[in-house]
Amino acid sequence: MRILIVDDSRVMRQIVIRTLRQAGLDGHDVVEAANGREGLYAVAQHAPDLVLSDWNMPEMTGIEFLTALRANGQQVPFGFVTSEGTPEMVSRAEQGGALFVITKPFTPESFRAQLDPVLV
Amino acid sequence: MTTTLDLQLEDIRVVTDDVWTSFLATYGPLEWSPVTLEEASPTDELVQASVAIHGDWTGTVTLEMAPATAETAARTMLHLDAVEEVDVTDALGELVNMIGGNIKSLLPSGSTLGLPIVIRAPLCTAGASTIEHYRVELTWAGTPIRIRVWSTAR
């Protein structure tokens with residue numbers, strides 16, 4: 001399985017990769033992108049099985065990225081990893097087609113809870 | 001209309017503690033500091049990370065620490081023995097982004113979060129258009145850290 005991690009922070013992308021490993025969800029190919037625009041390119045190039053995206057990014061935000069994917073008919077499973085987990089943003093994410101929202105800061109347990117059903 | 005900011009210092013402490021517990025626990029927990037950042041670590045320069053919140057309440061959340069503390073934070077987050085300046089900037093930006101994002105969650109709905117800005121500068125004081133509302137002085141790894149919440153006059 002291939003996972004695309006989209007976050008403008010390299011530090012956070014590394015933490016997400018490490019948390020996947022700590023959650024026992026290692027062994028997957030990981031591809032990285034620094035914003036939604038790079039994410040669109042990475043989806044087209046690498047055909048990931050899952051996208052984990054930040055929300056608040058320069059160039060193209062996570063919700064714009066998700067909207068563009070769905071507008072192009074791309075149905076790749078998509079989840080947000082963001083510091084903004086308000087009910088209104090969770091609702092926007094779900095309406096846009098996201099499967100889940102993991103709020104930063106997170107734990108390996110929160111990753112497992114959201115990703116186990118997706119990575120079966 | 002401007003909404004009055006209704007936070008408790010403990011709210012800011014809990015939000016910050018959650019971030020530290022998740023990503024920076026290697027060097028121990030955050031503790032309340034009995035002294036200010038200036039008293040604990042006199043320095044000509046601080047690393048100051050900030051993120052703006054826009055909405056019914058508009059203001060800024062800042063995270064300040066000495067450069068050596070910021071480097072320790074970046075090394076801890078990346079699990080590396082040595083980091084470059086770009087990593088320190090990235091790490092501090094992500095820390096204030098998480099603190100600001102979670103403080104935003106305590107405010108009325110409809111607010112938006114800006115992108116973090118990280119600078120090295122002398123002590124940050126309130127300007128003509130800003131009011132310091134909350135100040136939390138903490139220590140981590142034996143070094144001082146400060147969170148402040150500022151509102152923007154309008």
# chains A, B, ... in the order shown; residues from 1 in each chain; ligands from 1
$ select_by_dssp --residues "chain B" --states "helix (DSSP H, G or I)" --output "number ranges by chain"
B: 9-23, 25-27, 37-40, 67-78, 85-104
$ residues_around --residues "B:Thr60" --least-positions-apart "5" --cutoff "7 Å" --atoms "only C-alpha atoms" --output "list of chain:residue names"
B:Ser50, B:Val51, B:Ala52, B:Ile53, B:Val149, B:Trp150, B:Ser151
$ interface_residues --of "chain B" --to "chain A" --cutoff "10 Å" --atoms "only C-alpha atoms" --output "CSV table (one decimal) with all heavy atoms, in the first residue's frame"
chain,number,residue,atom,x,y,z
B,15,VAL,N,-3.5,23.1,26.5
B,15,VAL,CA,-3.3,23.0,25.1
B,15,VAL,C,-1.8,22.8,24.8
B,15,VAL,O,-1.3,21.9,24.0
B,15,VAL,CB,-3.8,24.2,24.3
B,15,VAL,CG1,-3.2,24.4,23.0
B,15,VAL,CG2,-5.3,24.2,24.3
B,16,THR,N,-1.0,23.6,25.5
B,16,THR,CA,0.5,23.5,25.3
B,16,THR,C,1.0,22.2,25.8
B,16,THR,O,1.9,21.6,25.2
B,16,THR,CB,1.2,24.7,25.9
B,16,THR,OG1,0.6,25.9,25.5
B,16,THR,CG2,2.7,24.8,25.6
B,18,ASP,N,-0.5,19.4,26.0
B,18,ASP,CA,-0.8,18.3,25.1
B,18,ASP,C,0.2,18.2,23.9
B,18,ASP,O,0.6,17.1,23.6
B,18,ASP,CB,-2.2,18.5,24.5
B,18,ASP,CG,-3.3,18.2,25.5
B,18,ASP,OD1,-3.0,17.6,26.5
B,18,ASP,OD2,-4.5,18.6,25.2
B,19,VAL,N,0.6,19.3,23.4
B,19,VAL,CA,1.6,19.3,22.3
B,19,VAL,C,2.9,18.8,22.8
B,19,VAL,O,3.5,18.0,22.2
B,19,VAL,CB,1.7,20.8,21.8
B,19,VAL,CG1,2.9,20.9,20.8
B,19,VAL,CG2,0.4,21.2,21.1
B,20,TRP,N,3.3,19.3,24.0
B,20,TRP,CA,4.6,18.9,24.5
B,20,TRP,C,4.6,17.4,24.8
B,20,TRP,O,5.6,16.7,24.6
B,20,TRP,CB,5.0,19.7,25.7
B,20,TRP,CG,6.2,20.6,25.5
B,20,TRP,CD1,7.4,20.4,25.9
B,20,TRP,CD2,6.2,21.8,24.7
B,20,TRP,NE1,8.2,21.5,25.4
B,20,TRP,CE2,7.5,22.3,24.7
B,20,TRP,CE3,5.2,22.5,23.9
B,20,TRP,CZ2,7.9,23.4,24.0
B,20,TRP,CZ3,5.6,23.6,23.2
B,20,TRP,CH2,6.9,24.1,23.3
B,21,THR,N,3.5,16.9,25.4
B,21,THR,CA,3.5,15.5,25.8
B,21,THR,C,3.6,14.6,24.6
B,21,THR,O,4.2,13.5,24.6
B,21,THR,CB,2.2,15.2,26.6
B,21,THR,OG1,2.1,16.0,27.7
B,21,THR,CG2,2.0,13.7,26.9
B,22,SER,N,2.9,15.0,23.5
B,22,SER,CA,2.9,14.2,22.3
B,22,SER,C,4.3,14.2,21.6
B,22,SER,O,4.7,13.1,21.1
B,22,SER,CB,1.9,14.7,21.3
B,22,SER,OG,0.6,14.5,21.8
B,23,PHE,N,5.0,15.3,21.5
B,23,PHE,CA,6.1,15.4,20.6
B,23,PHE,C,7.4,15.8,21.3
B,23,PHE,O,8.5,15.7,20.7
B,23,PHE,CB,5.8,16.5,19.5
B,23,PHE,CG,4.6,16.1,18.7
B,23,PHE,CD1,3.7,17.1,18.5
B,23,PHE,CD2,4.4,14.8,18.2
B,23,PHE,CE1,2.5,16.8,17.7
B,23,PHE,CE2,3.3,14.5,17.4
B,23,PHE,CZ,2.4,15.5,17.2
B,74,ALA,N,13.6,21.2,18.1
B,74,ALA,CA,13.7,20.7,16.7
B,74,ALA,C,14.4,19.3,16.7
B,74,ALA,O,13.9,18.4,16.0
B,74,ALA,CB,14.4,21.7,15.8
B,75,ARG,N,15.5,19.2,17.4
B,75,ARG,CA,16.2,17.9,17.4
B,75,ARG,C,15.3,16.8,18.0
B,75,ARG,O,15.3,15.7,17.5
B,75,ARG,CB,17.5,18.0,18.3
B,75,ARG,CG,18.6,18.7,17.5
B,75,ARG,CD,19.9,18.6,18.2
B,75,ARG,NE,20.0,19.3,19.4
B,75,ARG,CZ,20.0,18.8,20.7
B,75,ARG,NH1,19.9,17.5,20.8
B,75,ARG,NH2,20.1,19.6,21.7
B,77,MET,N,11.9,16.7,18.1
B,77,MET,CA,10.8,16.4,17.1
B,77,MET,C,11.3,15.6,16.0
B,77,MET,O,10.5,14.7,15.5
B,77,MET,CB,10.2,17.7,16.7
B,77,MET,CG,9.4,18.5,17.8
B,77,MET,SD,8.8,20.1,17.2
B,77,MET,CE,7.4,19.6,16.3
B,78,LEU,N,12.5,15.8,15.5
B,78,LEU,CA,13.0,15.1,14.3
B,78,LEU,C,13.8,13.8,14.7
B,78,LEU,O,14.2,13.1,13.8
B,78,LEU,CB,13.9,16.0,13.5
B,78,LEU,CG,13.2,17.0,12.6
B,78,LEU,CD1,14.1,18.1,12.1
B,78,LEU,CD2,12.5,16.2,11.4
B,79,HIS,N,14.0,13.6,16.0
B,79,HIS,CA,14.8,12.5,16.5
B,79,HIS,C,16.2,12.5,15.8
B,79,HIS,O,16.7,11.5,15.3
B,79,HIS,CB,14.1,11.2,16.2
B,79,HIS,CG,13.0,10.9,17.1
B,79,HIS,ND1,12.5,9.6,17.3
B,79,HIS,CD2,12.3,11.7,17.9
B,79,HIS,CE1,11.5,9.6,18.2
B,79,HIS,NE2,11.4,10.9,18.6
B,86,VAL,N,16.8,25.8,9.2
B,86,VAL,CA,15.5,25.6,8.5
B,86,VAL,C,14.6,24.7,9.3
B,86,VAL,O,13.4,24.8,9.4
B,86,VAL,CB,15.7,25.2,7.1
B,86,VAL,CG1,16.3,23.8,7.0
B,86,VAL,CG2,14.4,25.2,6.3
B,87,ASP,N,15.3,23.7,9.9
B,87,ASP,CA,14.5,22.7,10.8
B,87,ASP,C,14.0,23.4,12.0
B,87,ASP,O,12.8,23.1,12.5
B,87,ASP,CB,15.4,21.5,11.1
B,87,ASP,CG,15.9,20.8,9.9
B,87,ASP,OD1,15.1,20.6,9.0
B,87,ASP,OD2,17.1,20.4,10.0
B,88,VAL,N,14.8,24.3,12.6
B,88,VAL,CA,14.3,25.0,13.8
B,88,VAL,C,13.1,25.8,13.5
B,88,VAL,O,12.1,25.9,14.2
B,88,VAL,CB,15.5,25.8,14.4
B,88,VAL,CG1,15.0,26.6,15.6
B,88,VAL,CG2,16.6,24.9,14.8
B,89,THR,N,13.2,26.6,12.4
B,89,THR,CA,12.1,27.4,12.0
B,89,THR,C,10.8,26.6,11.7
B,89,THR,O,9.7,26.9,12.1
B,89,THR,CB,12.5,28.2,10.7
B,89,THR,OG1,13.6,29.0,11.0
B,89,THR,CG2,11.3,29.0,10.2
B,90,ASP,N,11.0,25.5,11.0
B,90,ASP,CA,9.9,24.6,10.7
B,90,ASP,C,9.3,24.0,12.0
B,90,ASP,O,8.1,24.0,12.2
B,90,ASP,CB,10.5,23.4,9.8
B,90,ASP,CG,9.4,22.5,9.3
B,90,ASP,OD1,8.2,22.6,9.8
B,90,ASP,OD2,9.7,21.7,8.4
B,91,ALA,N,10.1,23.6,12.9
B,91,ALA,CA,9.6,23.0,14.2
B,91,ALA,C,8.9,24.0,15.0
B,91,ALA,O,7.8,23.7,15.5
B,91,ALA,CB,10.8,22.4,15.0
B,92,LEU,N,9.4,25.2,15.2
B,92,LEU,CA,8.8,26.2,16.0
B,92,LEU,C,7.5,26.6,15.4
B,92,LEU,O,6.5,26.9,16.0
B,92,LEU,CB,9.7,27.4,16.2
B,92,LEU,CG,10.6,27.3,17.5
B,92,LEU,CD1,9.7,27.6,18.7
B,92,LEU,CD2,11.3,26.0,17.7
B,93,GLY,N,7.5,26.7,14.0
B,93,GLY,CA,6.2,27.1,13.3
B,93,GLY,C,5.2,26.0,13.5
B,93,GLY,O,4.0,26.4,13.7
B,94,GLU,N,5.5,24.8,13.5
B,94,GLU,CA,4.6,23.7,13.7
B,94,GLU,C,4.1,23.7,15.1
B,94,GLU,O,2.9,23.5,15.4
B,94,GLU,CB,5.2,22.4,13.3
B,94,GLU,CG,4.2,21.3,13.1
B,94,GLU,CD,3.1,21.6,12.1
B,94,GLU,OE1,3.4,22.3,11.1
B,94,GLU,OE2,1.9,21.1,12.3
B,95,LEU,N,4.9,24.0,16.1
B,95,LEU,CA,4.5,24.0,17.5
B,95,LEU,C,3.5,25.1,17.7
B,95,LEU,O,2.4,24.9,18.3
B,95,LEU,CB,5.7,24.2,18.4
B,95,LEU,CG,6.6,23.0,18.6
B,95,LEU,CD1,7.9,23.4,19.4
B,95,LEU,CD2,5.9,21.8,19.3
B,96,VAL,N,3.7,26.3,17.2
B,96,VAL,CA,2.8,27.4,17.4
B,96,VAL,C,1.5,27.2,16.6
B,96,VAL,O,0.4,27.6,17.0
B,96,VAL,CB,3.4,28.8,17.2
B,96,VAL,CG1,3.5,29.1,15.7
B,96,VAL,CG2,2.7,29.9,17.9
B,97,ASN,N,1.7,26.5,15.5
B,97,ASN,CA,0.5,26.2,14.7
B,97,ASN,C,-0.5,25.3,15.5
B,97,ASN,O,-1.7,25.4,15.5
B,97,ASN,CB,0.9,25.5,13.4
B,97,ASN,CG,-0.2,25.1,12.5
B,97,ASN,OD1,-1.0,26.0,12.1
B,97,ASN,ND2,-0.3,23.8,12.2
B,98,MET,N,0.1,24.3,16.2
B,98,MET,CA,-0.7,23.4,16.9
B,98,MET,C,-1.3,24.1,18.2
B,98,MET,O,-2.5,23.9,18.5
B,98,MET,CB,0.1,22.2,17.4
B,98,MET,CG,0.4,21.2,16.3
B,98,MET,SD,1.2,19.7,16.8
B,98,MET,CE,2.9,20.2,16.9
B,99,ILE,N,-0.5,24.9,18.8
B,99,ILE,CA,-1.1,25.6,20.0
B,99,ILE,C,-2.1,26.6,19.6
B,99,ILE,O,-3.2,26.6,20.1
B,99,ILE,CB,0.1,26.4,20.7
B,99,ILE,CG1,1.1,25.4,21.3
B,99,ILE,CG2,-0.5,27.3,21.8
B,99,ILE,CD1,2.4,26.0,21.8
B,100,GLY,N,-1.9,27.3,18.5
B,100,GLY,CA,-2.8,28.3,18.0
B,100,GLY,C,-4.1,27.6,17.5
B,100,GLY,O,-5.2,28.1,17.7
B,101,GLY,N,-3.9,26.5,16.8
B,101,GLY,CA,-5.1,25.8,16.2
B,101,GLY,C,-6.0,25.3,17.3
B,101,GLY,O,-7.2,25.3,17.2
B,102,ASN,N,-5.4,24.8,18.4
B,102,ASN,CA,-6.2,24.3,19.5
B,102,ASN,C,-6.8,25.4,20.3
B,102,ASN,O,-7.9,25.3,20.9
B,102,ASN,CB,-5.4,23.3,20.4
B,102,ASN,CG,-5.2,22.0,19.7
B,102,ASN,OD1,-6.1,21.1,19.8
B,102,ASN,ND2,-4.2,21.7,19.0
B,103,ILE,N,-6.1,26.6,20.4
B,103,ILE,CA,-6.7,27.7,21.1
B,103,ILE,C,-7.9,28.2,20.3
B,103,ILE,O,-9.0,28.6,20.8
B,103,ILE,CB,-5.7,28.8,21.3
B,103,ILE,CG1,-4.7,28.4,22.5
B,103,ILE,CG2,-6.4,30.2,21.7
B,103,ILE,CD1,-3.6,29.4,22.7
B,104,LYS,N,-7.7,28.2,18.9
B,104,LYS,CA,-8.8,28.6,18.0
B,104,LYS,C,-10.0,27.8,18.3
B,104,LYS,O,-11.2,28.2,18.2
B,104,LYS,CB,-8.3,28.5,16.6
B,104,LYS,CG,-9.2,29.2,15.6
B,104,LYS,CD,-9.1,28.6,14.2
B,104,LYS,CE,-10.1,27.5,14.0
B,104,LYS,NZ,-10.1,27.0,12.6
B,105,SER,N,-9.8,26.5,18.6
B,105,SER,CA,-10.9,25.6,18.8
B,105,SER,C,-11.8,26.0,20.0
B,105,SER,O,-12.9,25.5,20.2
B,105,SER,CB,-10.4,24.1,19.0
B,105,SER,OG,-9.8,23.7,17.8
B,106,LEU,N,-11.2,26.8,20.9
B,106,LEU,CA,-11.9,27.2,22.1
B,106,LEU,C,-12.6,28.5,21.9
B,106,LEU,O,-13.4,29.0,22.8
B,106,LEU,CB,-10.9,27.4,23.3
B,106,LEU,CG,-10.0,26.2,23.7
B,106,LEU,CD1,-9.0,26.6,24.7
B,106,LEU,CD2,-10.9,25.1,24.2
B,107,LEU,N,-12.5,29.1,20.7
B,107,LEU,CA,-13.1,30.4,20.4
B,107,LEU,C,-14.4,30.1,19.6
B,107,LEU,O,-14.7,29.0,19.2
B,107,LEU,CB,-12.2,31.2,19.5
B,107,LEU,CG,-10.8,31.6,20.2
B,107,LEU,CD1,-9.9,32.3,19.2
B,107,LEU,CD2,-11.0,32.4,21.5
B,109,SER,N,-17.1,29.7,16.7
B,109,SER,CA,-16.9,29.1,15.4
B,109,SER,C,-16.8,30.1,14.4
B,109,SER,O,-17.2,31.3,14.6
B,109,SER,CB,-18.0,28.1,15.1
B,109,SER,OG,-19.2,28.8,15.0
B,110,GLY,N,-16.2,29.8,13.3
B,110,GLY,CA,-16.1,30.7,12.1
B,110,GLY,C,-14.7,31.4,12.1
B,110,GLY,O,-14.4,32.1,11.1
B,112,THR,N,-10.6,31.6,11.5
B,112,THR,CA,-9.6,31.0,10.6
B,112,THR,C,-8.2,31.2,11.2
B,112,THR,O,-7.9,32.2,11.9
B,112,THR,CB,-9.7,31.5,9.2
B,112,THR,OG1,-9.4,32.9,9.2
B,112,THR,CG2,-11.0,31.2,8.6
B,113,LEU,N,-7.3,30.2,10.9
B,113,LEU,CA,-5.9,30.3,11.4
B,113,LEU,C,-5.0,30.7,10.2
B,113,LEU,O,-5.2,30.2,9.1
B,113,LEU,CB,-5.6,28.9,11.9
B,113,LEU,CG,-4.3,28.8,12.7
B,113,LEU,CD1,-4.5,29.5,14.1
B,113,LEU,CD2,-4.0,27.3,13.0
B,114,GLY,N,-4.1,31.6,10.5
B,114,GLY,CA,-3.1,31.9,9.5
B,114,GLY,C,-2.0,30.9,9.4
B,114,GLY,O,-2.0,29.9,10.1
B,115,LEU,N,-1.0,31.2,8.6
B,115,LEU,CA,0.2,30.4,8.5
B,115,LEU,C,1.2,30.9,9.6
B,115,LEU,O,1.3,32.1,9.8
B,115,LEU,CB,0.8,30.4,7.1
B,115,LEU,CG,-0.1,29.8,6.1
B,115,LEU,CD1,0.5,30.1,4.7
B,115,LEU,CD2,-0.2,28.3,6.3
B,116,PRO,N,2.0,30.0,10.2
B,116,PRO,CA,2.9,30.5,11.2
B,116,PRO,C,4.1,31.3,10.6
B,116,PRO,O,4.5,31.1,9.5
B,116,PRO,CB,3.4,29.1,11.8
B,116,PRO,CG,3.2,28.1,10.8
B,116,PRO,CD,2.0,28.6,10.0
$ residues_around --residues "A:Phe111" --least-positions-apart "4" --cutoff "8 Å" --atoms "only C-alpha atoms" --output "PyMOL selection string"
chain A and resi 19-20+23+102+106-107+115-116
$ select_by_dssp --residues "chain B" --states "strand (DSSP E or B)" --output "ChimeraX atom specification"
/B:31-32,46-54,59-65,112-113,117-121,130-140,143-152
$ residues_around --residues "A:Leu40" --least-positions-apart "6" --cutoff "12 Å" --atoms "only C-alpha atoms" --output "PyMOL selection string"
chain A and resi 4-6+32-34+46-48+51+53+59-62+64-72+74+76
$ residues_around --residues "B:Val47" --least-positions-apart "5" --cutoff "8 Å" --atoms "only C-alpha atoms" --output "mmCIF file with N, CA and C atoms, in the first residue's frame"
data_model
loop_
_atom_site.group_PDB
_atom_site.id
_atom_site.type_symbol
_atom_site.label_atom_id
_atom_site.label_comp_id
_atom_site.auth_asym_id
_atom_site.auth_seq_id
_atom_site.Cartn_x
_atom_site.Cartn_y
_atom_site.Cartn_z
ATOM 1 N N GLU B 64 7.654 31.737 22.535
ATOM 2 C CA GLU B 64 8.997 32.327 22.591
ATOM 3 C C GLU B 64 9.923 31.461 23.428
ATOM 4 N N MET B 65 11.138 31.355 22.972
ATOM 5 C CA MET B 65 12.163 30.625 23.738
ATOM 6 C C MET B 65 13.545 31.031 23.219
ATOM 7 N N ALA B 66 14.561 30.678 24.004
ATOM 8 C CA ALA B 66 15.926 30.975 23.582
ATOM 9 C C ALA B 66 16.301 30.111 22.378
ATOM 10 N N PRO B 67 17.229 30.575 21.536
ATOM 11 C CA PRO B 67 17.629 29.787 20.360
ATOM 12 C C PRO B 67 18.076 28.364 20.702
ATOM 13 N N ALA B 70 15.044 26.261 21.284
ATOM 14 C CA ALA B 70 14.367 25.980 20.016
ATOM 15 C C ALA B 70 15.094 24.870 19.252
ATOM 16 N N VAL B 118 8.026 32.573 11.901
ATOM 17 C CA VAL B 118 9.071 32.368 12.907
ATOM 18 C C VAL B 118 10.207 33.343 12.633
ATOM 19 N N ILE B 119 10.585 34.094 13.673
ATOM 20 C CA ILE B 119 11.693 35.051 13.527
ATOM 21 C C ILE B 119 12.634 34.929 14.730
ATOM 22 N N ARG B 120 13.847 35.413 14.536
ATOM 23 C CA ARG B 120 14.756 35.623 15.659
ATOM 24 C C ARG B 120 14.813 37.122 15.885
ATOM 25 N N ALA B 121 14.509 37.526 17.106
ATOM 26 C CA ALA B 121 14.418 38.960 17.359
ATOM 27 C C ALA B 121 14.581 39.231 18.841
#
$ atom_distance --atom1 "atom CA of B:Leu46" --atom2 "atom CA of B:Ile117"
13.6 Å
$ residues_around --residues "A:Gly79" --least-positions-apart "3" --cutoff "7 Å" --atoms "only C-alpha atoms" --output "VMD selection string"
chain A and resid 51 to 53 98 to 101
